[in-house]
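So this block is coords09.cif, mmCIF, all heavy atoms:
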```cif
data_data
loop_
_atom_site.label_atom_id
_atom_site.label_comp_id
_atom_site.auth_asym_id
_atom_site.auth_seq_id
_atom_site.Cartn_x
_atom_site.Cartn_y
_atom_site.Cartn_z
N MET A 1 -49.67 -0.10 6.07
CA MET A 1 -48.25 -0.39 6.12
C MET A 1 -47.62 -0.11 4.76
O MET A 1 -48.21 -0.41 3.72
CB MET A 1 -48.05 -1.86 6.48
CG MET A 1 -46.68 -2.19 6.95
SD MET A 1 -46.75 -3.70 7.89
CE MET A 1 -45.31 -4.48 7.29
N ALA A 2 -46.43 0.45 4.76
CA ALA A 2 -45.77 0.84 3.51
C ALA A 2 -45.30 -0.39 2.75
O ALA A 2 -44.84 -1.36 3.33
CB ALA A 2 -44.59 1.73 3.81
N THR A 3 -45.44 -0.33 1.44
CA THR A 3 -45.00 -1.41 0.56
C THR A 3 -44.02 -0.84 -0.45
O THR A 3 -44.28 0.21 -1.02
CB THR A 3 -46.21 -2.02 -0.19
OG1 THR A 3 -47.22 -2.31 0.76
CG2 THR A 3 -45.83 -3.28 -0.90
N PRO A 4 -42.89 -1.52 -0.70
CA PRO A 4 -41.94 -1.00 -1.68
C PRO A 4 -42.52 -1.00 -3.09
O PRO A 4 -43.23 -1.93 -3.46
CB PRO A 4 -40.74 -1.93 -1.57
CG PRO A 4 -41.17 -3.10 -0.77
CD PRO A 4 -42.39 -2.72 -0.03
N LYS A 5 -42.22 0.05 -3.85
CA LYS A 5 -42.74 0.15 -5.22
C LYS A 5 -42.03 -0.79 -6.16
O LYS A 5 -42.62 -1.24 -7.14
CB LYS A 5 -42.61 1.57 -5.73
CG LYS A 5 -43.64 2.51 -5.17
CD LYS A 5 -43.69 3.77 -5.98
CE LYS A 5 -44.89 4.56 -5.50
NZ LYS A 5 -45.38 5.48 -6.48
N SER A 6 -40.74 -1.05 -5.91
CA SER A 6 -40.00 -1.92 -6.82
C SER A 6 -39.05 -2.80 -6.02
O SER A 6 -38.74 -2.51 -4.86
CB SER A 6 -39.22 -1.09 -7.83
OG SER A 6 -38.31 -0.24 -7.16
N LYS A 7 -38.60 -3.86 -6.67
CA LYS A 7 -37.69 -4.81 -6.04
C LYS A 7 -36.32 -4.17 -5.81
O LYS A 7 -35.83 -3.42 -6.65
CB LYS A 7 -37.56 -6.03 -6.95
CG LYS A 7 -36.63 -7.10 -6.45
CD LYS A 7 -36.56 -8.24 -7.46
CE LYS A 7 -35.55 -9.27 -7.00
NZ LYS A 7 -35.48 -10.40 -7.93
N THR A 8 -35.70 -4.48 -4.67
CA THR A 8 -34.35 -4.00 -4.40
C THR A 8 -33.38 -4.81 -5.26
O THR A 8 -33.39 -6.04 -5.20
CB THR A 8 -34.00 -4.18 -2.92
OG1 THR A 8 -35.00 -3.55 -2.13
CG2 THR A 8 -32.67 -3.56 -2.60
N SER A 9 -32.55 -4.10 -6.02
CA SER A 9 -31.63 -4.78 -6.94
C SER A 9 -30.51 -5.49 -6.16
O SER A 9 -30.24 -5.18 -5.01
CB SER A 9 -31.03 -3.79 -7.91
OG SER A 9 -30.17 -2.91 -7.23
N LYS A 10 -29.87 -6.43 -6.83
CA LYS A 10 -28.74 -7.16 -6.21
C LYS A 10 -27.61 -6.20 -5.88
O LYS A 10 -26.95 -6.34 -4.85
CB LYS A 10 -28.25 -8.25 -7.16
CG LYS A 10 -29.24 -9.37 -7.37
CD LYS A 10 -28.72 -10.36 -8.38
CE LYS A 10 -29.77 -11.39 -8.73
NZ LYS A 10 -29.33 -12.28 -9.80
N ALA A 11 -27.36 -5.22 -6.74
CA ALA A 11 -26.28 -4.27 -6.52
C ALA A 11 -26.56 -3.42 -5.28
O ALA A 11 -25.67 -3.17 -4.47
CB ALA A 11 -26.10 -3.37 -7.74
N ARG A 12 -27.79 -2.97 -5.12
CA ARG A 12 -28.12 -2.12 -3.98
C ARG A 12 -28.03 -2.91 -2.67
O ARG A 12 -27.53 -2.40 -1.67
CB ARG A 12 -29.51 -1.53 -4.15
CG ARG A 12 -29.84 -0.50 -3.07
CD ARG A 12 -31.07 0.30 -3.42
NE ARG A 12 -30.85 1.23 -4.50
CZ ARG A 12 -30.33 2.44 -4.36
NH1 ARG A 12 -29.94 2.86 -3.18
NH2 ARG A 12 -30.20 3.24 -5.37
N SER A 13 -28.49 -4.14 -2.66
CA SER A 13 -28.40 -4.93 -1.43
C SER A 13 -26.95 -5.31 -1.14
O SER A 13 -26.55 -5.39 0.02
CB SER A 13 -29.28 -6.18 -1.52
OG SER A 13 -28.93 -6.96 -2.62
N ALA A 14 -26.13 -5.51 -2.18
CA ALA A 14 -24.71 -5.80 -1.98
C ALA A 14 -23.98 -4.58 -1.42
O ALA A 14 -23.09 -4.72 -0.59
CB ALA A 14 -24.07 -6.25 -3.29
N GLN A 15 -24.36 -3.37 -1.86
CA GLN A 15 -23.76 -2.15 -1.32
C GLN A 15 -24.08 -2.02 0.16
O GLN A 15 -23.25 -1.58 0.96
CB GLN A 15 -24.28 -0.92 -2.06
CG GLN A 15 -23.72 -0.76 -3.45
CD GLN A 15 -24.40 0.36 -4.21
OE1 GLN A 15 -25.34 0.98 -3.72
NE2 GLN A 15 -23.93 0.62 -5.42
N ARG A 16 -25.27 -2.38 0.55
CA ARG A 16 -25.67 -2.28 1.94
C ARG A 16 -24.90 -3.27 2.81
O ARG A 16 -24.60 -3.01 3.96
CB ARG A 16 -27.18 -2.52 2.05
CG ARG A 16 -27.74 -2.28 3.42
CD ARG A 16 -29.27 -2.34 3.46
NE ARG A 16 -29.79 -3.61 3.01
CZ ARG A 16 -30.49 -3.79 1.88
NH1 ARG A 16 -30.71 -2.79 1.05
NH2 ARG A 16 -30.95 -4.97 1.56
N ARG A 17 -24.55 -4.41 2.25
CA ARG A 17 -23.85 -5.45 3.00
C ARG A 17 -22.34 -5.41 2.79
O ARG A 17 -21.64 -6.34 3.19
CB ARG A 17 -24.38 -6.82 2.57
CG ARG A 17 -25.83 -7.04 2.90
CD ARG A 17 -26.26 -8.47 2.62
NE ARG A 17 -27.67 -8.62 2.84
CZ ARG A 17 -28.58 -8.70 1.87
NH1 ARG A 17 -28.20 -8.65 0.61
NH2 ARG A 17 -29.85 -8.85 2.15
N SER A 18 -21.81 -4.35 2.20
CA SER A 18 -20.39 -4.32 1.86
C SER A 18 -19.50 -4.32 3.10
O SER A 18 -18.36 -4.77 3.03
CB SER A 18 -20.09 -3.09 1.01
OG SER A 18 -20.32 -1.92 1.75
N HIS A 19 -19.99 -3.83 4.24
CA HIS A 19 -19.17 -3.78 5.46
C HIS A 19 -19.23 -5.07 6.26
O HIS A 19 -18.59 -5.17 7.30
CB HIS A 19 -19.61 -2.61 6.33
CG HIS A 19 -20.99 -2.79 6.89
ND1 HIS A 19 -22.11 -2.49 6.16
CD2 HIS A 19 -21.41 -3.25 8.07
CE1 HIS A 19 -23.17 -2.76 6.90
NE2 HIS A 19 -22.77 -3.22 8.07
N ASP A 20 -19.99 -6.07 5.82
CA ASP A 20 -20.14 -7.32 6.56
C ASP A 20 -19.02 -8.32 6.31
O ASP A 20 -18.98 -9.37 6.94
CB ASP A 20 -21.47 -8.00 6.22
CG ASP A 20 -22.66 -7.23 6.79
OD1 ASP A 20 -22.43 -6.36 7.65
OD2 ASP A 20 -23.80 -7.50 6.38
N ALA A 21 -18.11 -8.01 5.40
CA ALA A 21 -17.03 -8.95 5.08
C ALA A 21 -16.09 -9.10 6.26
O ALA A 21 -15.86 -8.16 7.03
CB ALA A 21 -16.24 -8.45 3.86
N LEU A 22 -15.53 -10.29 6.44
CA LEU A 22 -14.60 -10.54 7.53
C LEU A 22 -13.25 -9.91 7.22
O LEU A 22 -12.78 -9.96 6.09
CB LEU A 22 -14.42 -12.05 7.73
CG LEU A 22 -15.65 -12.81 8.19
CD1 LEU A 22 -15.36 -14.30 8.21
CD2 LEU A 22 -16.08 -12.35 9.55
N SER A 23 -12.65 -9.33 8.23
CA SER A 23 -11.33 -8.73 8.05
C SER A 23 -10.27 -9.62 8.70
O SER A 23 -10.56 -10.40 9.61
CB SER A 23 -11.28 -7.33 8.66
OG SER A 23 -11.56 -7.41 10.04
N ILE A 24 -9.04 -9.48 8.25
CA ILE A 24 -7.94 -10.27 8.81
C ILE A 24 -7.55 -9.68 10.15
O ILE A 24 -7.33 -8.47 10.27
CB ILE A 24 -6.74 -10.25 7.84
CG1 ILE A 24 -7.14 -10.87 6.51
CG2 ILE A 24 -5.56 -10.98 8.44
CD1 ILE A 24 -6.10 -10.71 5.43
N MET A 25 -7.49 -10.53 11.17
CA MET A 25 -7.14 -10.06 12.50
C MET A 25 -5.64 -9.75 12.55
O MET A 25 -4.84 -10.47 11.96
CB MET A 25 -7.48 -11.12 13.54
CG MET A 25 -8.96 -11.32 13.71
SD MET A 25 -9.35 -12.54 14.94
CE MET A 25 -8.89 -11.71 16.42
N PRO A 26 -5.27 -8.68 13.26
CA PRO A 26 -3.85 -8.35 13.38
C PRO A 26 -3.11 -9.43 14.17
O PRO A 26 -3.68 -10.05 15.06
CB PRO A 26 -3.84 -7.02 14.11
CG PRO A 26 -5.15 -6.94 14.80
CD PRO A 26 -6.11 -7.71 13.97
N CYS A 27 -1.87 -9.64 13.82
CA CYS A 27 -1.09 -10.70 14.45
C CYS A 27 0.33 -10.22 14.66
O CYS A 27 0.89 -9.54 13.81
CB CYS A 27 -1.11 -11.93 13.54
SG CYS A 27 -0.45 -13.39 14.29
N SER A 28 0.90 -10.57 15.81
CA SER A 28 2.30 -10.23 16.08
C SER A 28 3.00 -11.49 16.56
O SER A 28 2.38 -12.51 16.80
CB SER A 28 2.40 -9.12 17.11
OG SER A 28 1.84 -9.53 18.34
N VAL A 29 4.31 -11.41 16.73
CA VAL A 29 5.11 -12.55 17.13
C VAL A 29 5.49 -12.39 18.59
O VAL A 29 5.88 -11.31 19.04
CB VAL A 29 6.37 -12.67 16.24
CG1 VAL A 29 7.23 -13.83 16.68
CG2 VAL A 29 5.98 -12.83 14.78
N CYS A 30 5.37 -13.46 19.36
CA CYS A 30 5.76 -13.45 20.77
C CYS A 30 7.28 -13.31 20.87
O CYS A 30 8.02 -13.96 20.15
CB CYS A 30 5.30 -14.74 21.45
SG CYS A 30 5.77 -14.86 23.17
N LYS A 31 7.73 -12.46 21.80
CA LYS A 31 9.17 -12.21 21.93
C LYS A 31 9.90 -13.36 22.58
O LYS A 31 11.09 -13.55 22.37
CB LYS A 31 9.38 -10.93 22.74
CG LYS A 31 8.91 -9.69 22.03
CD LYS A 31 9.07 -8.47 22.89
CE LYS A 31 8.49 -7.25 22.19
NZ LYS A 31 8.44 -6.09 23.07
N THR A 32 9.20 -14.17 23.40
CA THR A 32 9.89 -15.24 24.11
C THR A 32 9.89 -16.56 23.35
O THR A 32 10.93 -17.23 23.26
CB THR A 32 9.26 -15.46 25.50
OG1 THR A 32 7.87 -15.73 25.34
CG2 THR A 32 9.44 -14.23 26.36
N CYS A 33 8.75 -16.95 22.79
CA CYS A 33 8.70 -18.26 22.14
C CYS A 33 8.59 -18.20 20.62
O CYS A 33 8.77 -19.21 19.94
CB CYS A 33 7.54 -19.08 22.71
SG CYS A 33 5.91 -18.45 22.30
N GLY A 34 8.27 -17.03 20.05
CA GLY A 34 8.21 -16.90 18.60
C GLY A 34 6.88 -17.32 17.98
O GLY A 34 6.74 -17.29 16.77
N GLU A 35 5.89 -17.69 18.80
CA GLU A 35 4.58 -18.06 18.28
C GLU A 35 3.78 -16.81 17.89
O GLU A 35 4.04 -15.71 18.38
CB GLU A 35 3.79 -18.83 19.35
CG GLU A 35 4.31 -20.22 19.61
CD GLU A 35 3.96 -21.20 18.49
OE1 GLU A 35 2.85 -21.10 17.95
OE2 GLU A 35 4.81 -22.02 18.17
N LYS A 36 2.79 -17.00 17.02
CA LYS A 36 1.91 -15.90 16.65
C LYS A 36 0.93 -15.65 17.79
O LYS A 36 0.43 -16.58 18.40
CB LYS A 36 1.12 -16.24 15.39
CG LYS A 36 1.92 -16.16 14.13
CD LYS A 36 0.99 -16.10 12.95
CE LYS A 36 1.22 -17.27 12.04
NZ LYS A 36 0.30 -17.29 10.92
N LYS A 37 0.65 -14.36 18.05
CA LYS A 37 -0.32 -13.99 19.07
C LYS A 37 -0.98 -12.67 18.69
O LYS A 37 -0.49 -11.96 17.81
CB LYS A 37 0.35 -13.86 20.43
CG LYS A 37 1.26 -12.66 20.59
CD LYS A 37 1.77 -12.54 22.01
CE LYS A 37 2.33 -11.17 22.28
NZ LYS A 37 1.34 -10.15 22.47
N ARG A 38 -2.10 -12.38 19.32
CA ARG A 38 -2.78 -11.12 19.07
C ARG A 38 -2.07 -10.02 19.84
O ARG A 38 -1.58 -10.23 20.95
CB ARG A 38 -4.24 -11.21 19.52
CG ARG A 38 -5.04 -12.16 18.65
CD ARG A 38 -6.47 -12.24 19.09
NE ARG A 38 -7.11 -10.94 18.99
CZ ARG A 38 -8.27 -10.64 19.58
NH1 ARG A 38 -8.89 -11.51 20.31
NH2 ARG A 38 -8.79 -9.44 19.44
N PRO A 39 -1.98 -8.81 19.26
CA PRO A 39 -1.30 -7.73 19.95
C PRO A 39 -2.02 -7.35 21.24
O PRO A 39 -3.26 -7.38 21.30
CB PRO A 39 -1.33 -6.57 18.96
CG PRO A 39 -1.93 -7.07 17.72
CD PRO A 39 -2.42 -8.44 17.93
N HIS A 40 -1.27 -7.02 22.28
CA HIS A 40 -1.80 -6.62 23.58
C HIS A 40 -2.56 -7.74 24.28
O HIS A 40 -3.42 -7.48 25.10
CB HIS A 40 -2.68 -5.37 23.48
CG HIS A 40 -2.03 -4.24 22.76
ND1 HIS A 40 -1.03 -3.47 23.29
CD2 HIS A 40 -2.23 -3.74 21.50
CE1 HIS A 40 -0.65 -2.56 22.42
NE2 HIS A 40 -1.35 -2.70 21.33
N HIS A 41 -2.25 -8.98 23.96
CA HIS A 41 -2.86 -10.15 24.61
C HIS A 41 -1.76 -11.07 25.11
O HIS A 41 -0.63 -11.03 24.62
CB HIS A 41 -3.77 -10.91 23.63
CG HIS A 41 -5.10 -10.28 23.43
ND1 HIS A 41 -5.25 -9.11 22.69
CD2 HIS A 41 -6.34 -10.62 23.85
CE1 HIS A 41 -6.53 -8.78 22.68
NE2 HIS A 41 -7.21 -9.69 23.37
N VAL A 42 -2.10 -11.94 26.04
CA VAL A 42 -1.15 -12.91 26.57
C VAL A 42 -0.94 -14.00 25.52
O VAL A 42 -1.90 -14.43 24.86
CB VAL A 42 -1.69 -13.52 27.88
CG1 VAL A 42 -0.80 -14.62 28.38
CG2 VAL A 42 -1.83 -12.44 28.94
N CYS A 43 0.29 -14.46 25.39
CA CYS A 43 0.61 -15.51 24.42
C CYS A 43 -0.07 -16.82 24.84
O CYS A 43 0.07 -17.26 25.99
CB CYS A 43 2.13 -15.70 24.36
SG CYS A 43 2.63 -17.01 23.25
N PRO A 44 -0.82 -17.47 23.95
CA PRO A 44 -1.49 -18.72 24.32
C PRO A 44 -0.51 -19.89 24.50
O PRO A 44 -0.82 -20.86 25.18
CB PRO A 44 -2.45 -18.98 23.15
CG PRO A 44 -1.91 -18.21 22.02
CD PRO A 44 -1.17 -17.05 22.60
N ALA A 45 0.67 -19.79 23.91
CA ALA A 45 1.63 -20.88 24.00
C ALA A 45 2.44 -20.85 25.30
O ALA A 45 2.55 -21.84 26.00
CB ALA A 45 2.56 -20.85 22.80
N CYS A 46 3.01 -19.67 25.62
CA CYS A 46 3.91 -19.61 26.78
C CYS A 46 3.36 -18.77 27.93
O CYS A 46 3.89 -18.83 29.03
CB CYS A 46 5.28 -19.11 26.35
SG CYS A 46 5.30 -17.39 25.83
N GLY A 47 2.36 -17.96 27.69
CA GLY A 47 1.78 -17.14 28.75
C GLY A 47 2.47 -15.81 28.98
O GLY A 47 2.17 -15.11 29.93
N ALA A 48 3.43 -15.47 28.14
CA ALA A 48 4.14 -14.21 28.29
C ALA A 48 3.31 -13.07 27.70
O ALA A 48 2.44 -13.29 26.86
CB ALA A 48 5.50 -14.28 27.59
N LYS A 49 3.61 -11.85 28.13
CA LYS A 49 2.92 -10.70 27.58
C LYS A 49 3.53 -10.34 26.31
O LYS A 49 3.75 -9.82 25.53
CB LYS A 49 2.95 -9.53 28.55
CG LYS A 49 2.13 -9.79 29.77
CD LYS A 49 2.13 -8.58 30.66
CE LYS A 49 1.36 -8.85 31.94
NZ LYS A 49 1.36 -7.77 32.86
#
```

Go ahead and express the file in the form of structure tokens.
Amino acid sequence: MATPKSKTSKARSAQRRSHDALSIMPCSVCKTCGEKKRPHHVCPACGAK
């Protein structure tokens, strides 16, 4: 079985995990009640599209 010759540095492992950060979800305003909702989803407050 293969064994690594040297330890993986913190910088190299951080580069590999750079895409794992959480991103901010897009948000829009409901036209009927003014609450925040996800785009292309039903409003959780009033049920409008």

Mind giving me the straight-line distance from CA of Pro4 (chain A) to CA of Ala21 (chain A) in Å, one decimal?
27.0 Å

To test your reading of the structure, identify every residue in chain A that backbone DSSP assigns to helix (DSSP H, G or I), and report it as a PyMOL selection string.
chain A and resi 10-16+18-20

Using only all heavy atoms, please write the residues we just selected to a file, as an mmCIF file, in the coordinates of the input.
```
data_model
loop_
_atom_site.group_PDB
_atom_site.id
_atom_site.type_symbol
_atom_site.label_atom_id
_atom_site.label_comp_id
_atom_site.auth_asym_id
_atom_site.auth_seq_id
_atom_site.Cartn_x
_atom_site.Cartn_y
_atom_site.Cartn_z
ATOM 1 N N LYS A 10 -29.870 -6.430 -6.830
ATOM 2 C CA LYS A 10 -28.740 -7.160 -6.210
ATOM 3 C C LYS A 10 -27.610 -6.200 -5.880
ATOM 4 O O LYS A 10 -26.950 -6.340 -4.850
ATOM 5 C CB LYS A 10 -28.250 -8.250 -7.160
ATOM 6 C CG LYS A 10 -29.240 -9.370 -7.370
ATOM 7 C CD LYS A 10 -28.720 -10.360 -8.380
ATOM 8 C CE LYS A 10 -29.770 -11.390 -8.730
ATOM 9 N NZ LYS A 10 -29.330 -12.280 -9.800
ATOM 10 N N ALA A 11 -27.360 -5.220 -6.740
ATOM 11 C CA ALA A 11 -26.280 -4.270 -6.520
ATOM 12 C C ALA A 11 -26.560 -3.420 -5.280
ATOM 13 O O ALA A 11 -25.670 -3.170 -4.470
ATOM 14 C CB ALA A 11 -26.100 -3.370 -7.740
ATOM 15 N N ARG A 12 -27.790 -2.970 -5.120
ATOM 16 C CA ARG A 12 -28.120 -2.120 -3.980
ATOM 17 C C ARG A 12 -28.030 -2.910 -2.670
ATOM 18 O O ARG A 12 -27.530 -2.400 -1.670
ATOM 19 C CB ARG A 12 -29.510 -1.530 -4.150
ATOM 20 C CG ARG A 12 -29.840 -0.500 -3.070
ATOM 21 C CD ARG A 12 -31.070 0.300 -3.420
ATOM 22 N NE ARG A 12 -30.850 1.230 -4.500
ATOM 23 C CZ ARG A 12 -30.330 2.440 -4.360
ATOM 24 N NH1 ARG A 12 -29.940 2.860 -3.180
ATOM 25 N NH2 ARG A 12 -30.200 3.240 -5.370
ATOM 26 N N SER A 13 -28.490 -4.140 -2.660
ATOM 27 C CA SER A 13 -28.400 -4.930 -1.430
ATOM 28 C C SER A 13 -26.950 -5.310 -1.140
ATOM 29 O O SER A 13 -26.550 -5.390 0.020
ATOM 30 C CB SER A 13 -29.280 -6.180 -1.520
ATOM 31 O OG SER A 13 -28.930 -6.960 -2.620
ATOM 32 N N ALA A 14 -26.130 -5.510 -2.180
ATOM 33 C CA ALA A 14 -24.710 -5.800 -1.980
ATOM 34 C C ALA A 14 -23.980 -4.580 -1.420
ATOM 35 O O ALA A 14 -23.090 -4.720 -0.590
ATOM 36 C CB ALA A 14 -24.070 -6.250 -3.290
ATOM 37 N N GLN A 15 -24.360 -3.370 -1.860
ATOM 38 C CA GLN A 15 -23.760 -2.150 -1.320
ATOM 39 C C GLN A 15 -24.080 -2.020 0.160
ATOM 40 O O GLN A 15 -23.250 -1.580 0.960
ATOM 41 C CB GLN A 15 -24.280 -0.920 -2.060
ATOM 42 C CG GLN A 15 -23.720 -0.760 -3.450
ATOM 43 C CD GLN A 15 -24.400 0.360 -4.210
ATOM 44 O OE1 GLN A 15 -25.340 0.980 -3.720
ATOM 45 N NE2 GLN A 15 -23.930 0.620 -5.420
ATOM 46 N N ARG A 16 -25.270 -2.380 0.550
ATOM 47 C CA ARG A 16 -25.670 -2.280 1.940
ATOM 48 C C ARG A 16 -24.900 -3.270 2.810
ATOM 49 O O ARG A 16 -24.600 -3.010 3.960
ATOM 50 C CB ARG A 16 -27.180 -2.520 2.050
ATOM 51 C CG ARG A 16 -27.740 -2.280 3.420
ATOM 52 C CD ARG A 16 -29.270 -2.340 3.460
ATOM 53 N NE ARG A 16 -29.790 -3.610 3.010
ATOM 54 C CZ ARG A 16 -30.490 -3.790 1.880
ATOM 55 N NH1 ARG A 16 -30.710 -2.790 1.050
ATOM 56 N NH2 ARG A 16 -30.950 -4.970 1.560
ATOM 57 N N SER A 18 -21.810 -4.350 2.200
ATOM 58 C CA SER A 18 -20.390 -4.320 1.860
ATOM 59 C C SER A 18 -19.500 -4.320 3.100
ATOM 60 O O SER A 18 -18.360 -4.770 3.030
ATOM 61 C CB SER A 18 -20.090 -3.090 1.010
ATOM 62 O OG SER A 18 -20.320 -1.920 1.750
ATOM 63 N N HIS A 19 -19.990 -3.830 4.240
ATOM 64 C CA HIS A 19 -19.170 -3.780 5.460
ATOM 65 C C HIS A 19 -19.230 -5.070 6.260
ATOM 66 O O HIS A 19 -18.590 -5.170 7.300
ATOM 67 C CB HIS A 19 -19.610 -2.610 6.330
ATOM 68 C CG HIS A 19 -20.990 -2.790 6.890
ATOM 69 N ND1 HIS A 19 -22.110 -2.490 6.160
ATOM 70 C CD2 HIS A 19 -21.410 -3.250 8.070
ATOM 71 C CE1 HIS A 19 -23.170 -2.760 6.900
ATOM 72 N NE2 HIS A 19 -22.770 -3.220 8.070
ATOM 73 N N ASP A 20 -19.990 -6.070 5.820
ATOM 74 C CA ASP A 20 -20.140 -7.320 6.560
ATOM 75 C C ASP A 20 -19.020 -8.320 6.310
ATOM 76 O O ASP A 20 -18.980 -9.370 6.940
ATOM 77 C CB ASP A 20 -21.470 -8.000 6.220
ATOM 78 C CG ASP A 20 -22.660 -7.230 6.790
ATOM 79 O OD1 ASP A 20 -22.430 -6.360 7.650
ATOM 80 O OD2 ASP A 20 -23.800 -7.500 6.380
#
```

Residues picked by the PyMOL selection byres ((chain A and resi 48) around 5) here, as a list of chain:residue names?
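Against this file, the PyMOL selection byres ((chain A and resi 48) around 5) returns the residues A:Cys30, A:Thr32, A:Lys37, A:His41, A:Val42, A:Cys43, A:Cys46, A:Gly47, A:Lys49.
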
One decimal, in Å: what's the spacing between CG2 of Ile24 (chain A) and CG of Lys10 (chain A)?
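One can read the CG2 of Ile24 (chain A) to CG of Lys10 (chain A) distance as 28.5 Å.
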
Which residues in chain A does DSSP call strand (DSSP E or B)? List them as a ChimeraX atom specification.
/A:28-29,36-37

Output of the above residues as an mmCIF file, keeping the file's coordinate frame, restricted to all heavy atoms:
```
data_model
loop_
_atom_site.group_PDB
_atom_site.id
_atom_site.type_symbol
_atom_site.label_atom_id
_atom_site.label_comp_id
_atom_site.auth_asym_id
_atom_site.auth_seq_id
_atom_site.Cartn_x
_atom_site.Cartn_y
_atom_site.Cartn_z
ATOM 1 N N SER A 28 0.900 -10.570 15.810
ATOM 2 C CA SER A 28 2.300 -10.230 16.080
ATOM 3 C C SER A 28 3.000 -11.490 16.560
ATOM 4 O O SER A 28 2.380 -12.510 16.800
ATOM 5 C CB SER A 28 2.400 -9.120 17.110
ATOM 6 O OG SER A 28 1.840 -9.530 18.340
ATOM 7 N N VAL A 29 4.310 -11.410 16.730
ATOM 8 C CA VAL A 29 5.110 -12.550 17.130
ATOM 9 C C VAL A 29 5.490 -12.390 18.590
ATOM 10 O O VAL A 29 5.880 -11.310 19.040
ATOM 11 C CB VAL A 29 6.370 -12.670 16.240
ATOM 12 C CG1 VAL A 29 7.230 -13.830 16.680
ATOM 13 C CG2 VAL A 29 5.980 -12.830 14.780
ATOM 14 N N LYS A 36 2.790 -17.000 17.020
ATOM 15 C CA LYS A 36 1.910 -15.900 16.650
ATOM 16 C C LYS A 36 0.930 -15.650 17.790
ATOM 17 O O LYS A 36 0.430 -16.580 18.400
ATOM 18 C CB LYS A 36 1.120 -16.240 15.390
ATOM 19 C CG LYS A 36 1.920 -16.160 14.130
ATOM 20 C CD LYS A 36 0.990 -16.100 12.950
ATOM 21 C CE LYS A 36 1.220 -17.270 12.040
ATOM 22 N NZ LYS A 36 0.300 -17.290 10.920
ATOM 23 N N LYS A 37 0.650 -14.360 18.050
ATOM 24 C CA LYS A 37 -0.320 -13.990 19.070
ATOM 25 C C LYS A 37 -0.980 -12.670 18.690
ATOM 26 O O LYS A 37 -0.490 -11.960 17.810
ATOM 27 C CB LYS A 37 0.350 -13.860 20.430
ATOM 28 C CG LYS A 37 1.260 -12.660 20.590
ATOM 29 C CD LYS A 37 1.770 -12.540 22.010
ATOM 30 C CE LYS A 37 2.330 -11.170 22.280
ATOM 31 N NZ LYS A 37 1.340 -10.150 22.470
#
```

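Counting from CA of Gln15 (chain A), the distance to atom N of Met1 (chain A) is 27.0 Å.
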
Spatial neighbours of Cys27 (chain A), 7 Å, only C-alpha atoms, chain gap at least 3 places, as a list in words
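Residues near the query, excluding close chain neighbours: Lys36, Lys37, Arg38 and Pro39 of chain A.
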